[in-house]
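Listing of protein-v7.cif; format and content: mmCIF, C-alpha atoms.
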data_entry
loop_
_atom_site.label_atom_id
_atom_site.label_comp_id
_atom_site.auth_asym_id
_atom_site.auth_seq_id
_atom_site.Cartn_x
_atom_site.Cartn_y
_atom_site.Cartn_z
CA MET A 1 34.29 -31.89 10.47
CA ASN A 2 33.51 -28.28 9.89
CA LYS A 3 36.57 -27.39 7.94
CA ALA A 4 36.11 -26.11 4.43
CA GLU A 5 36.46 -28.84 1.90
CA GLY A 6 37.20 -28.84 -1.76
CA PRO A 7 34.87 -29.44 -4.68
CA ALA A 8 32.54 -32.41 -4.49
CA ALA A 9 34.27 -35.72 -4.98
CA ALA A 10 33.22 -38.19 -7.64
CA PRO A 11 30.16 -40.20 -6.59
CA ARG A 12 30.72 -43.55 -4.99
CA GLY A 13 28.43 -46.43 -4.12
CA LEU A 14 24.83 -45.28 -3.93
CA GLY A 15 25.94 -41.99 -5.40
CA ARG A 16 26.40 -43.75 -8.72
CA LEU A 17 22.82 -44.92 -8.67
CA TRP A 18 21.75 -41.39 -7.88
CA ARG A 19 23.40 -40.19 -11.07
CA ARG A 20 21.67 -42.69 -13.30
CA GLY A 21 18.91 -40.25 -14.03
CA ALA A 22 15.88 -38.53 -12.67
CA ASP A 23 13.92 -41.73 -11.96
CA GLY A 24 16.78 -43.41 -10.18
CA ARG A 25 17.49 -40.24 -8.24
CA GLN A 26 13.92 -39.83 -7.19
CA LEU A 27 13.66 -43.43 -6.12
CA LEU A 28 16.85 -43.31 -4.15
CA SER A 29 16.07 -39.94 -2.62
CA ASN A 30 12.64 -41.03 -1.52
CA ALA A 31 13.91 -44.28 -0.08
CA GLU A 32 16.80 -42.62 1.67
CA GLY A 33 14.65 -39.84 3.09
CA MET A 34 12.01 -42.22 4.36
CA ALA A 35 14.57 -44.57 5.86
CA TYR A 36 16.33 -41.70 7.59
CA TRP A 37 13.14 -40.28 9.08
CA LEU A 38 11.46 -43.54 9.93
CA ALA A 39 14.33 -45.68 11.13
CA VAL A 40 17.80 -44.20 11.17
CA ALA A 41 17.19 -40.88 12.92
CA PRO A 42 14.88 -42.31 15.61
CA VAL A 43 17.54 -44.88 16.49
CA ILE A 44 20.66 -42.75 16.33
CA SER A 45 18.98 -39.94 18.25
CA HIS A 46 19.33 -42.21 21.31
CA LEU A 47 23.09 -42.39 20.87
CA PRO A 48 25.34 -39.94 22.69
CA ALA A 49 24.80 -36.56 21.06
CA ARG A 50 28.35 -36.35 19.77
CA LEU A 51 27.89 -39.57 17.80
CA ALA A 52 24.30 -38.93 16.69
CA TYR A 53 25.07 -35.56 15.17
CA ARG A 54 28.26 -36.91 13.59
CA VAL A 55 26.20 -39.51 11.75
CA ALA A 56 23.75 -36.77 10.70
CA CYS A 57 26.59 -34.68 9.34
CA GLY A 58 27.82 -37.68 7.39
CA ARG A 59 24.41 -38.00 5.79
CA GLY A 60 24.44 -34.29 5.02
CA ASP A 61 27.81 -34.71 3.33
CA TRP A 62 26.50 -37.59 1.23
CA ILE A 63 23.61 -35.49 0.01
CA TYR A 64 25.90 -32.55 -0.59
CA ARG A 65 28.10 -34.68 -2.82
CA ASN A 66 25.29 -36.25 -4.77
CA TRP A 67 22.48 -33.74 -5.13
CA ASP A 68 24.36 -31.67 -7.67
CA ALA A 69 21.54 -29.41 -8.81
CA LYS A 70 20.54 -28.31 -5.35
CA ARG A 71 24.12 -27.92 -4.21
CA GLU A 72 24.91 -25.64 -7.13
CA GLU A 73 21.67 -23.71 -6.68
CA ILE A 74 22.54 -23.00 -3.05
CA LYS A 75 26.04 -21.89 -3.93
CA LEU A 76 24.69 -19.59 -6.58
CA ASN A 77 22.12 -18.14 -4.19
CA LEU A 78 24.82 -17.52 -1.60
CA ARG A 79 26.93 -15.68 -4.15
CA ARG A 80 24.02 -13.66 -5.49
CA VAL A 81 22.98 -12.45 -2.06
CA LEU A 82 26.18 -12.33 -0.02
CA GLY A 83 28.60 -11.52 -2.83
CA ASP A 84 31.80 -13.33 -3.62
CA LEU A 85 32.69 -15.25 -0.48
CA GLY A 86 35.48 -17.19 -2.11
CA PRO A 87 35.20 -20.83 -3.19
CA ALA A 88 36.23 -22.34 0.15
CA GLU A 89 33.74 -20.33 2.20
CA THR A 90 30.94 -20.97 -0.30
CA GLU A 91 31.68 -24.70 -0.15
CA ARG A 92 31.74 -24.63 3.63
CA LEU A 93 28.43 -22.81 3.93
CA THR A 94 26.75 -25.07 1.40
CA ARG A 95 28.03 -28.20 3.10
CA ASP A 96 26.92 -26.86 6.46
CA PHE A 97 23.48 -26.17 5.01
CA PHE A 98 23.06 -29.86 4.21
CA ARG A 99 24.60 -30.95 7.50
CA PHE A 100 22.28 -28.67 9.47
CA ALA A 101 19.28 -30.06 7.62
CA SER A 102 20.20 -33.59 8.61
CA CYS A 103 20.98 -32.53 12.16
CA GLU A 104 17.55 -30.96 12.45
CA VAL A 105 15.97 -34.35 11.98
CA ILE A 106 17.89 -35.54 15.03
CA ASP A 107 16.59 -32.46 16.87
CA VAL A 108 13.04 -33.51 16.04
CA MET A 109 13.66 -36.99 17.41
CA ARG A 110 15.17 -35.60 20.58
CA LEU A 111 11.91 -33.78 21.33
CA ARG A 112 10.66 -37.03 22.83
CA GLY A 113 9.28 -36.93 26.35
CA ARG A 114 9.78 -33.51 27.85
CA ALA A 115 12.42 -32.72 25.25
CA ARG A 116 15.25 -32.89 27.76
CA ALA A 117 17.45 -34.74 25.27
CA LEU A 118 17.38 -31.66 23.06
CA GLY A 119 17.16 -29.14 25.85
CA GLU A 120 20.51 -30.13 27.29
CA LEU A 121 22.12 -29.13 24.00
CA VAL A 122 20.54 -25.68 23.68
CA ASP A 123 21.67 -22.53 25.42
CA ILE A 124 18.68 -20.18 25.74
CA ARG A 125 19.77 -16.57 26.07
CA GLY A 126 17.46 -13.64 26.79
CA ARG A 127 14.87 -15.55 28.75
CA GLU A 128 14.60 -12.52 31.02
CA HIS A 129 13.22 -10.52 28.09
CA LEU A 130 10.52 -13.11 27.54
CA ASP A 131 9.61 -13.15 31.23
CA ALA A 132 9.44 -9.37 31.40
CA ALA A 133 7.30 -9.16 28.28
CA LEU A 134 4.87 -11.80 29.53
CA ALA A 135 4.57 -9.93 32.81
CA GLN A 136 2.71 -7.22 30.87
CA GLY A 137 -0.11 -9.73 30.35
CA LYS A 138 -0.61 -9.22 26.61
CA GLY A 139 1.18 -12.28 25.38
CA VAL A 140 4.36 -12.21 23.33
CA ILE A 141 5.01 -12.48 19.62
CA LEU A 142 8.30 -14.26 19.03
CA CYS A 143 9.32 -13.21 15.56
CA SER A 144 11.92 -15.26 13.78
CA ALA A 145 13.02 -16.33 10.34
CA HIS A 146 13.22 -19.74 8.73
CA PHE A 147 16.53 -19.94 10.43
CA GLY A 148 18.21 -22.74 12.32
CA SER A 149 16.21 -25.42 14.03
CA HIS A 150 13.62 -22.85 15.03
CA LEU A 151 10.65 -25.20 15.29
CA CYS A 152 12.42 -27.66 17.55
CA VAL A 153 14.13 -25.09 19.71
CA SER A 154 10.98 -23.06 20.26
CA SER A 155 9.44 -26.34 21.44
CA LEU A 156 11.86 -26.16 24.34
CA LEU A 157 10.23 -22.96 25.52
CA HIS A 158 6.89 -24.73 25.68
CA ALA A 159 8.51 -27.64 27.51
CA ASP A 160 9.92 -25.08 29.95
CA GLY A 161 6.44 -23.83 30.79
CA TYR A 162 5.82 -21.05 28.27
CA PRO A 163 2.55 -21.93 26.47
CA LEU A 164 3.49 -21.58 22.83
CA THR A 165 1.65 -21.69 19.52
CA THR A 166 3.07 -21.34 16.03
CA ILE A 167 1.64 -19.44 13.11
CA GLY A 168 2.80 -21.52 10.21
CA ARG A 169 1.79 -23.77 7.39
CA TRP A 170 2.00 -27.52 7.23
CA ARG A 171 2.36 -27.34 3.50
CA TRP A 172 1.60 -30.98 2.76
CA ARG A 173 -1.90 -30.56 4.16
CA TYR A 174 -2.80 -27.99 1.53
CA ASP A 175 -0.63 -28.67 -1.48
CA ASP A 176 -2.67 -30.50 -4.08
CA GLY A 177 0.53 -31.99 -5.42
CA THR A 178 1.17 -33.87 -2.20
CA ALA A 179 -0.03 -37.44 -2.17
CA ALA A 180 -2.21 -38.43 0.77
CA MET A 181 0.33 -41.00 1.87
CA GLU A 182 3.09 -38.43 1.80
CA GLY A 183 1.02 -36.11 3.97
CA LYS A 184 0.48 -38.92 6.45
CA PHE A 185 4.19 -39.61 6.38
CA TRP A 186 5.03 -36.04 7.35
CA ASP A 187 2.34 -35.98 10.01
CA PHE A 188 3.76 -39.16 11.46
CA VAL A 189 7.46 -38.40 11.37
CA HIS A 190 7.42 -34.67 11.97
CA ALA A 191 4.19 -32.88 12.89
CA ARG A 192 3.13 -35.11 15.75
CA ARG A 193 6.51 -34.78 17.42
CA VAL A 194 6.52 -30.99 17.22
CA LEU A 195 2.86 -30.45 18.06
CA ARG A 196 3.31 -32.27 21.36
CA HIS A 197 5.12 -29.13 22.44
CA ARG A 198 2.48 -26.61 21.45
CA ALA A 199 -0.36 -25.09 23.45
CA ARG A 200 -2.70 -25.05 20.45
CA PRO A 201 -2.77 -26.51 16.95
CA ASN A 202 -0.78 -24.62 14.36
CA ILE A 203 -2.46 -21.45 13.18
CA GLU A 204 -2.28 -21.83 9.43
CA PRO A 205 -2.44 -18.63 7.37
CA TRP A 206 -3.61 -19.93 4.03
CA PRO A 207 -5.69 -17.66 1.79
CA GLY A 208 -9.33 -17.70 2.80
CA ARG A 209 -8.65 -18.62 6.42
CA ILE A 210 -9.98 -15.39 7.84
CA GLN A 211 -9.88 -16.61 11.41
CA VAL A 212 -6.08 -16.76 11.58
CA ALA A 213 -5.40 -13.38 13.17
CA ALA A 214 -8.27 -13.84 15.61
CA GLN A 215 -6.86 -17.22 16.64
CA ALA A 216 -3.48 -15.61 17.24
CA ALA A 217 -5.12 -12.78 19.17
CA ALA A 218 -6.92 -15.33 21.35
CA ALA A 219 -3.59 -16.95 22.25
CA LEU A 220 -2.09 -13.56 23.02
CA ARG A 221 -5.09 -12.58 25.14
CA ALA A 222 -4.43 -15.73 27.15
CA ASN A 223 -0.89 -14.35 27.70
CA GLU A 224 0.70 -17.05 25.63
CA VAL A 225 3.64 -16.98 23.24
CA VAL A 226 2.95 -16.93 19.51
CA THR A 227 5.82 -17.62 17.12
CA ILE A 228 5.91 -16.41 13.54
CA CYS A 229 8.53 -16.27 10.78
CA SER A 230 8.55 -12.97 8.91
CA ASP A 231 10.88 -13.91 6.06
CA THR A 232 8.31 -15.89 4.10
CA GLU A 233 7.84 -15.17 0.44
CA PRO A 234 4.28 -13.90 -0.03
CA LEU A 235 1.76 -16.12 -1.74
CA GLU A 236 0.16 -14.59 -4.82
CA ALA A 237 -3.06 -13.95 -2.91
CA ASP A 238 -1.14 -12.12 -0.18
CA ARG A 239 0.86 -9.80 -2.42
CA PRO A 240 -1.52 -6.83 -2.05
CA ARG A 241 -0.76 -6.83 1.69
CA ALA A 242 3.00 -7.11 1.26
CA VAL A 243 5.28 -4.13 1.83
CA GLU A 244 8.69 -3.22 0.50
CA VAL A 245 11.49 -3.23 3.06
CA PRO A 246 15.28 -3.39 2.76
CA PHE A 247 16.38 -7.00 3.25
CA MET A 248 19.67 -8.63 2.36
CA GLY A 249 20.67 -5.59 0.37
CA LYS A 250 17.57 -5.45 -1.79
CA PRO A 251 14.09 -3.91 -1.56
CA ALA A 252 12.29 -7.08 -0.59
CA THR A 253 8.58 -7.76 -0.57
CA LEU A 254 7.46 -9.27 2.72
CA LEU A 255 4.32 -9.47 4.80
CA PRO A 256 4.23 -7.22 7.88
CA GLY A 257 1.59 -9.30 9.66
CA THR A 258 3.76 -9.58 12.76
CA VAL A 259 3.67 -5.84 13.31
CA THR A 260 0.01 -5.45 12.37
CA LEU A 261 -0.90 -8.15 14.88
CA ALA A 262 1.26 -6.51 17.53
CA LYS A 263 -0.30 -3.12 16.96
CA LEU A 264 -3.82 -4.56 17.12
CA THR A 265 -3.28 -6.62 20.24
CA GLY A 266 -0.65 -4.61 22.09
CA ALA A 267 1.56 -7.69 22.34
CA PRO A 268 5.30 -6.98 22.36
CA VAL A 269 7.43 -8.40 19.54
CA LEU A 270 10.67 -10.11 20.52
CA MET A 271 13.07 -11.41 17.91
CA SER A 272 14.36 -14.94 18.39
CA PHE A 273 17.01 -16.74 16.40
CA THR A 274 18.55 -20.15 16.78
CA HIS A 275 21.91 -21.09 15.35
CA ARG A 276 23.94 -24.24 15.47
CA THR A 277 27.45 -24.05 16.88
CA ASP A 278 30.61 -25.38 15.27
CA ASP A 279 30.27 -28.80 16.88
CA TYR A 280 26.88 -29.24 15.14
CA ARG A 281 25.15 -30.64 18.23
CA HIS A 282 24.90 -27.56 20.41
CA GLN A 283 22.61 -24.66 19.56
CA VAL A 284 22.02 -21.17 20.86
CA LEU A 285 18.61 -19.52 21.04
CA GLU A 286 18.85 -15.77 21.42
CA ILE A 287 15.77 -13.80 22.43
CA SER A 288 15.91 -10.03 22.03
CA PRO A 289 14.34 -7.24 24.08
CA PRO A 290 11.05 -5.96 22.62
CA VAL A 291 11.33 -4.37 19.21
CA PRO A 292 10.11 -0.73 19.30
CA MET A 293 6.76 -0.48 17.54
CA GLN A 294 6.81 3.31 17.14
CA GLY A 295 6.14 4.69 13.71
CA ASP A 296 4.03 3.28 10.93
CA THR A 297 3.78 -0.40 10.14
CA VAL A 298 6.50 -0.40 7.50
CA THR A 299 8.94 1.42 9.78
CA ALA A 300 8.33 -0.93 12.69
CA PHE A 301 8.47 -3.98 10.43
CA GLY A 302 11.74 -2.72 9.00
CA ARG A 303 13.28 -3.11 12.46
CA CYS A 304 12.22 -6.76 12.57
CA VAL A 305 13.56 -7.37 9.08
CA SER A 306 16.84 -5.69 9.95
CA ALA A 307 17.23 -8.05 12.91
CA MET A 308 16.55 -11.00 10.61
CA GLU A 309 19.22 -9.82 8.23
CA ASP A 310 21.74 -9.41 11.04
CA ALA A 311 21.11 -12.98 12.17
CA ILE A 312 21.42 -14.36 8.65
CA ARG A 313 24.65 -12.51 7.96
CA ALA A 314 26.12 -13.64 11.29
CA HIS A 315 25.30 -17.34 10.71
CA PRO A 316 24.47 -17.69 7.02
CA ALA A 317 24.31 -21.47 6.72
CA ASN A 318 21.34 -21.54 9.09
CA TRP A 319 18.97 -19.76 6.70
CA PHE A 320 16.49 -22.01 4.94
CA TYR A 321 15.93 -19.86 1.87
CA TRP A 322 19.28 -20.54 0.27
CA TYR A 323 17.45 -23.68 -0.74
CA SER A 324 15.21 -21.98 -3.26
CA ALA A 325 16.08 -19.37 -5.86
CA ALA A 326 12.41 -19.19 -6.74
CA ALA A 327 11.46 -18.20 -3.20
CA LEU A 328 14.29 -15.67 -3.00
CA ALA A 329 13.13 -14.16 -6.27
CA THR A 330 9.53 -14.00 -5.09
CA MET A 331 10.53 -12.01 -2.04
CA GLY A 332 12.80 -9.85 -4.19
CA VAL A 333 16.11 -10.78 -2.59
CA ILE A 334 17.45 -11.84 -5.98
CA SER A 335 16.31 -10.40 -9.25
CA GLU A 336 15.24 -13.60 -10.97
CA ALA A 337 15.07 -17.29 -10.26
CA ALA A 338 15.84 -18.67 -13.70
CA THR A 339 18.99 -20.73 -13.58
CA PRO A 340 19.63 -24.19 -14.97
CA ALA A 341 19.63 -25.56 -11.45
CA ASP A 342 16.25 -24.10 -10.67
CA VAL A 343 14.49 -25.97 -13.36
CA THR A 344 15.96 -29.32 -12.43
CA PRO A 345 13.03 -31.51 -11.42
CA GLU A 346 13.15 -32.39 -7.78
CA PRO A 347 11.85 -35.58 -6.32
CA HIS A 348 8.84 -34.89 -4.17
CA LEU A 349 9.85 -36.90 -1.18
CA ALA A 350 13.31 -35.47 -1.48
CA VAL A 351 12.12 -32.75 0.83
CA PRO A 352 13.36 -34.75 3.79
CA VAL A 353 16.80 -34.32 2.35
CA THR A 354 16.76 -30.79 3.55
CA MET A 355 13.78 -31.22 5.76
CA LEU A 356 14.75 -28.21 7.77
CA ALA A 357 11.62 -26.75 9.13
CA ASP A 358 10.40 -26.50 5.63
CA PRO A 359 7.18 -28.44 5.71
CA ASP A 360 5.90 -26.15 8.32
CA ALA A 361 6.14 -22.64 8.85
CA ARG A 362 5.77 -20.14 6.14
CA PRO A 363 3.65 -17.61 7.87
CA MET B 1 -25.62 -0.10 13.00
CA GLU B 2 -25.27 -0.78 9.26
CA ALA B 3 -24.22 2.81 8.61
CA ILE B 4 -21.58 2.79 11.35
CA ILE B 5 -20.04 -0.47 10.21
CA ASN B 6 -20.19 0.49 6.56
CA ASP B 7 -18.52 3.79 7.35
CA TYR B 8 -15.77 2.11 9.38
CA ILE B 9 -15.01 -0.46 6.70
CA SER B 10 -15.08 2.16 3.95
CA LYS B 11 -12.66 4.42 5.79
CA GLU B 12 -10.40 2.00 7.62
CA VAL B 13 -10.37 -1.24 5.66
CA VAL B 14 -11.08 -0.70 1.98
CA GLN B 15 -7.82 -0.10 0.12
CA ASP B 16 -9.16 -0.02 -3.42
CA PRO B 17 -11.21 3.17 -3.94
CA SER B 18 -12.96 1.60 -6.92
CA LEU B 19 -14.89 -0.56 -4.43
CA LEU B 20 -16.51 2.52 -2.91
CA PRO B 21 -19.26 3.31 -2.17
CA LEU B 22 -19.68 0.02 -0.39
CA ALA B 23 -23.07 -1.64 -0.56
CA ASN B 24 -24.26 -3.39 2.57
CA ASP B 25 -24.64 -6.66 0.71
CA THR B 26 -21.25 -6.56 -1.02
CA SER B 27 -19.17 -9.63 -0.22
CA LEU B 28 -16.22 -8.44 1.81
CA LEU B 29 -14.37 -11.69 1.29
CA GLU B 30 -14.89 -12.24 -2.43
CA THR B 31 -13.84 -8.66 -3.16
CA GLY B 32 -10.76 -9.09 -0.99
CA ILE B 33 -11.74 -6.20 1.25
CA LEU B 34 -11.40 -8.30 4.38
CA ASP B 35 -8.44 -10.49 5.18
CA SER B 36 -7.47 -12.10 8.42
CA LEU B 37 -5.84 -9.04 9.96
CA SER B 38 -8.40 -6.51 8.79
CA LEU B 39 -11.11 -8.78 10.15
CA LEU B 40 -9.39 -8.78 13.53
CA LYS B 41 -9.30 -4.98 13.34
CA LEU B 42 -13.02 -4.93 12.53
CA VAL B 43 -13.82 -7.33 15.35
CA LEU B 44 -11.95 -5.16 17.84
CA PHE B 45 -13.87 -2.15 16.53
CA VAL B 46 -17.34 -3.68 16.85
CA GLN B 47 -16.53 -5.05 20.28
CA GLU B 48 -15.56 -1.60 21.47
CA ARG B 49 -18.25 0.31 19.60
CA PHE B 50 -21.24 -1.92 20.35
CA GLY B 51 -20.03 -3.68 23.49
CA THR B 52 -20.68 -7.07 21.95
CA ALA B 53 -18.16 -9.81 22.60
CA VAL B 54 -17.29 -11.80 19.50
CA ASP B 55 -16.43 -15.43 20.21
CA ASP B 56 -13.46 -16.81 18.34
CA VAL B 57 -15.60 -19.67 17.08
CA ASP B 58 -17.98 -17.16 15.50
CA ILE B 59 -15.28 -15.71 13.26
CA VAL B 60 -16.39 -17.54 10.15
CA PRO B 61 -17.21 -16.24 6.66
CA GLU B 62 -20.98 -16.50 7.18
CA ASN B 63 -20.89 -13.93 9.97
CA PHE B 64 -18.53 -11.44 8.33
CA ASP B 65 -19.08 -11.66 4.60
CA SER B 66 -20.98 -8.37 4.30
CA VAL B 67 -22.11 -5.43 6.35
CA ASP B 68 -25.57 -7.01 6.46
CA ALA B 69 -24.20 -10.33 7.68
CA ILE B 70 -22.16 -8.62 10.38
CA CYS B 71 -25.24 -6.75 11.63
CA VAL B 72 -27.34 -9.92 11.65
CA TYR B 73 -24.65 -11.63 13.68
CA LEU B 74 -24.24 -8.74 16.12
CA ARG B 75 -27.99 -8.49 16.67
CA SER B 76 -28.22 -12.20 17.35
CA ARG B 77 -25.39 -11.89 19.86
CA ALA B 78 -27.16 -8.96 21.50
CA ARG B 79 -30.39 -11.01 21.74
CA GLU B 80 -28.49 -13.92 23.26
CA GLY B 81 -26.99 -11.55 25.79
CA ALA B 82 -30.38 -10.10 26.64
CA ASP B 83 -31.93 -13.57 26.98
CA GLN B 84 -29.16 -14.67 29.28
CA ALA B 85 -29.55 -11.55 31.41
CA ALA B 86 -33.31 -12.13 31.61
CA GLY B 87 -32.72 -15.76 32.58
CA ARG B 88 -30.49 -14.72 35.44
CA GLU B 89 -33.17 -12.41 36.76
#
Just give me the structure of the file as structure tokens.
Amino acid sequence: MNKAEGPAAAPRGLGRLWRRGADGRQLLSNAEGMAYWLAVAPVISHLPARLAYRVACGRGDWIYRNWDAKREEIKLNLRRVLGDLGPAETERLTRDFFRFASCEVIDVMRLRGRARALGELVDIRGREHLDAALAQGKGVILCSAHFGSHLCVSSLLHADGYPLTTIGRWRWRYDDGTAAMEGKFWDFVHARRVLRHRARPNIEPWPGRIQVAAQAAAALRANEVVTICSDTEPLEADRPRAVEVPFMGKPATLLPGTVTLAKLTGAPVLMSFTHRTDDYRHQVLEISPPVPMQGDTVTAFGRCVSAMEDAIRAHPANWFYWYSAAALATMGVISEAATPADVTPEPHLAVPVTMLADPDARP
Amino acid sequence: MEAIINDYISKEVVQDPSLLPLANDTSLLETGILDSLSLLKLVLFVQERFGTAVDDVDIVPENFDSVDAICVYLRSRAREGADQAAGRE
């Protein structure tokens, strides 16, 4: 299933409807996404893992074949950032991107109960680093990227007894372009399942929410784990606080809040990355020893960013941001976002197509 | 108290020199002087400098929008602390 495959085949069946135009595509995408989240994934997540994730990969392949604009945008982003990988490798990574996105929905469903259904598929490495850091009594900042099934897998830490809170944004709760019903949909299918495995509500760093860092500090003071993704493209309002650091071969503009918070609270920063293995159902969570915080903020943050880059280069298909040239351009990883694919209108509810952890965390 | 807090914010928080000198009634939020992380830094400072614990629920714009507002808040916290101590006696 994971072998490299050739160019996308001609559309068949529902794929033909998809290609009838923007309206038909939007309708089909919305219906498919809703059906997958509401009915298909909850049911198949109860099947043996091998079968459940095979079905998810099949859905990912269907989307890969039929969502031309996004597929080509991802391929282009891969080439622009990683260089010429060759057609077969680019195809494989792009296909895996869509497969992983579909598989992540199954991960969300397997968080039911005490999340054992997901936990049995995840190998957590470096737990000793987390235990040692928590023994200092200042909490722990788990710094990651929008990489792999990070929201679901970090839920396993909470289920294992590590009180955990996420700094991240549930975008649909703030985006004026999101219909109320759509927001309720995401709350129902996604947020409620993830938040069951959190010590506190999400800490949401939107402009004007001045209490965010204090809320994170309160969790750290209680010797809890706070997760944050440091690869987020800065919002316009946040740009004055952003710093320039080398990332994916470019001087990128990112927010060093992780390091600032660590320096203010004394909490150690551990890097954590989750990647999916070749069988698509098993995952590995790797937790690093504490990142040295010596030096100024930019220097210390550069170490975190370097670790993010290493993880992305080791398992490229797991990185969310291939999805958006605009976001890559905003953070400075590519020079500009303007490509024909970028301006292709996207159906709003098509987000579940890639779902990923997207609706959430962009700290 | 106003002078100490004003001095701290002017030296440690303000990044745009055109905003100096800082008036005690200048909005720290509307001018973008304070964001979430710099507010945390300020809270840690006042806790250490004045020995006043700042509750997480009190970290709202009304209490931290200006040097004046911060001092009003800190004095009210100090009064509450004194009242509670008197009550215990």
* To do: Compile the contact shell of A:Glu233 as a ChimeraX atom specification: residues with an atom at most 7 Å away, counting all atoms listed in the file, same-chain residues fewer than 5 positions apart removed.
  => /A:254,327,330-331
* To do: Could you tell me which residues the PyMOL selection byres ((chain A) within 12 of (chain B)) grabs in this file, written as a VMD selection string?
  => chain A and resid 203 to 219 221 237 to 241 255 to 265
* List the residues matched by the PyMOL selection byres ((chain A and resi 294-302) around 6) in the displayed structure as a PyMOL selection string, ordered by chain and then by residue number. => chain A and resi 245+256+259+292-293+303-306
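Here atom CA of A:Ala132 is placed at a distance of 24.4 Å from atom CA of A:Arg114.
Each of B:Val67, B:Ser27, B:Ser18, B:Ala53 was checked against B:Asn6 using only C-alpha atoms; the smallest atom-to-atom distance is that of B:Val67.
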* Which residue out of B:Leu28, B:Leu74, B:Ala85, B:Leu19 has the minimum interatomic distance to B:Phe50 when all atoms listed in the file are used? -> B:Leu74
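Relative to atom CA of A:Phe273, atom CA of A:Val81 is found at 19.9 Å.
Pairwise distance (atom CA of A:Glu286, atom CA of A:Thr274) equals 6.4 Å.
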* Nearest to A:Glu309 by atom-to-atom distance, counting all atoms listed in the file, from A:Leu195, A:Leu82, A:Asp107, A:Glu128 -> A:Leu82
Please identify all polymer residues within 9 Å of stretch 148-161 of chain A, counting all atoms listed in the file, omitting same-chain residues fewer than 6 positions from it, and present them as a short mmCIF file (atom, residue, chain, number, x, y, z; two decimals) with C-alpha atoms, in the frame of the given file.
data_model
loop_
_atom_site.label_atom_id
_atom_site.label_comp_id
_atom_site.auth_asym_id
_atom_site.auth_seq_id
_atom_site.Cartn_x
_atom_site.Cartn_y
_atom_site.Cartn_z
CA PHE A 100 22.28 -28.67 9.47
CA ALA A 101 19.28 -30.06 7.62
CA CYS A 103 20.98 -32.53 12.16
CA GLU A 104 17.55 -30.96 12.45
CA ASP A 107 16.59 -32.46 16.87
CA VAL A 108 13.04 -33.51 16.04
CA ARG A 110 15.17 -35.60 20.58
CA LEU A 111 11.91 -33.78 21.33
CA ARG A 114 9.78 -33.51 27.85
CA ALA A 115 12.42 -32.72 25.25
CA ARG A 116 15.25 -32.89 27.76
CA LEU A 118 17.38 -31.66 23.06
CA GLY A 119 17.16 -29.14 25.85
CA VAL A 122 20.54 -25.68 23.68
CA ILE A 124 18.68 -20.18 25.74
CA VAL A 194 6.52 -30.99 17.22
CA LEU A 195 2.86 -30.45 18.06
CA ARG A 196 3.31 -32.27 21.36
CA HIS A 197 5.12 -29.13 22.44
CA ARG A 198 2.48 -26.61 21.45
CA ALA A 199 -0.36 -25.09 23.45
CA VAL A 225 3.64 -16.98 23.24
CA THR A 227 5.82 -17.62 17.12
CA SER A 272 14.36 -14.94 18.39
CA PHE A 273 17.01 -16.74 16.40
CA THR A 274 18.55 -20.15 16.78
CA HIS A 275 21.91 -21.09 15.35
CA ARG A 276 23.94 -24.24 15.47
CA GLN A 283 22.61 -24.66 19.56
CA VAL A 284 22.02 -21.17 20.86
CA LEU A 285 18.61 -19.52 21.04
CA ALA A 317 24.31 -21.47 6.72
CA ASN A 318 21.34 -21.54 9.09
CA TRP A 319 18.97 -19.76 6.70
CA PHE A 320 16.49 -22.01 4.94
CA LEU A 356 14.75 -28.21 7.77
CA ALA A 357 11.62 -26.75 9.13
CA ASP A 360 5.90 -26.15 8.32
CA ALA A 361 6.14 -22.64 8.85
#
* To do: Apply the PyMOL selection byres ((chain B and resi 22) around 12) to the file shown and report the selected residues as a ChimeraX atom specification.
  => /B:2-3,5-11,13-21,23-28,31,33,66-68
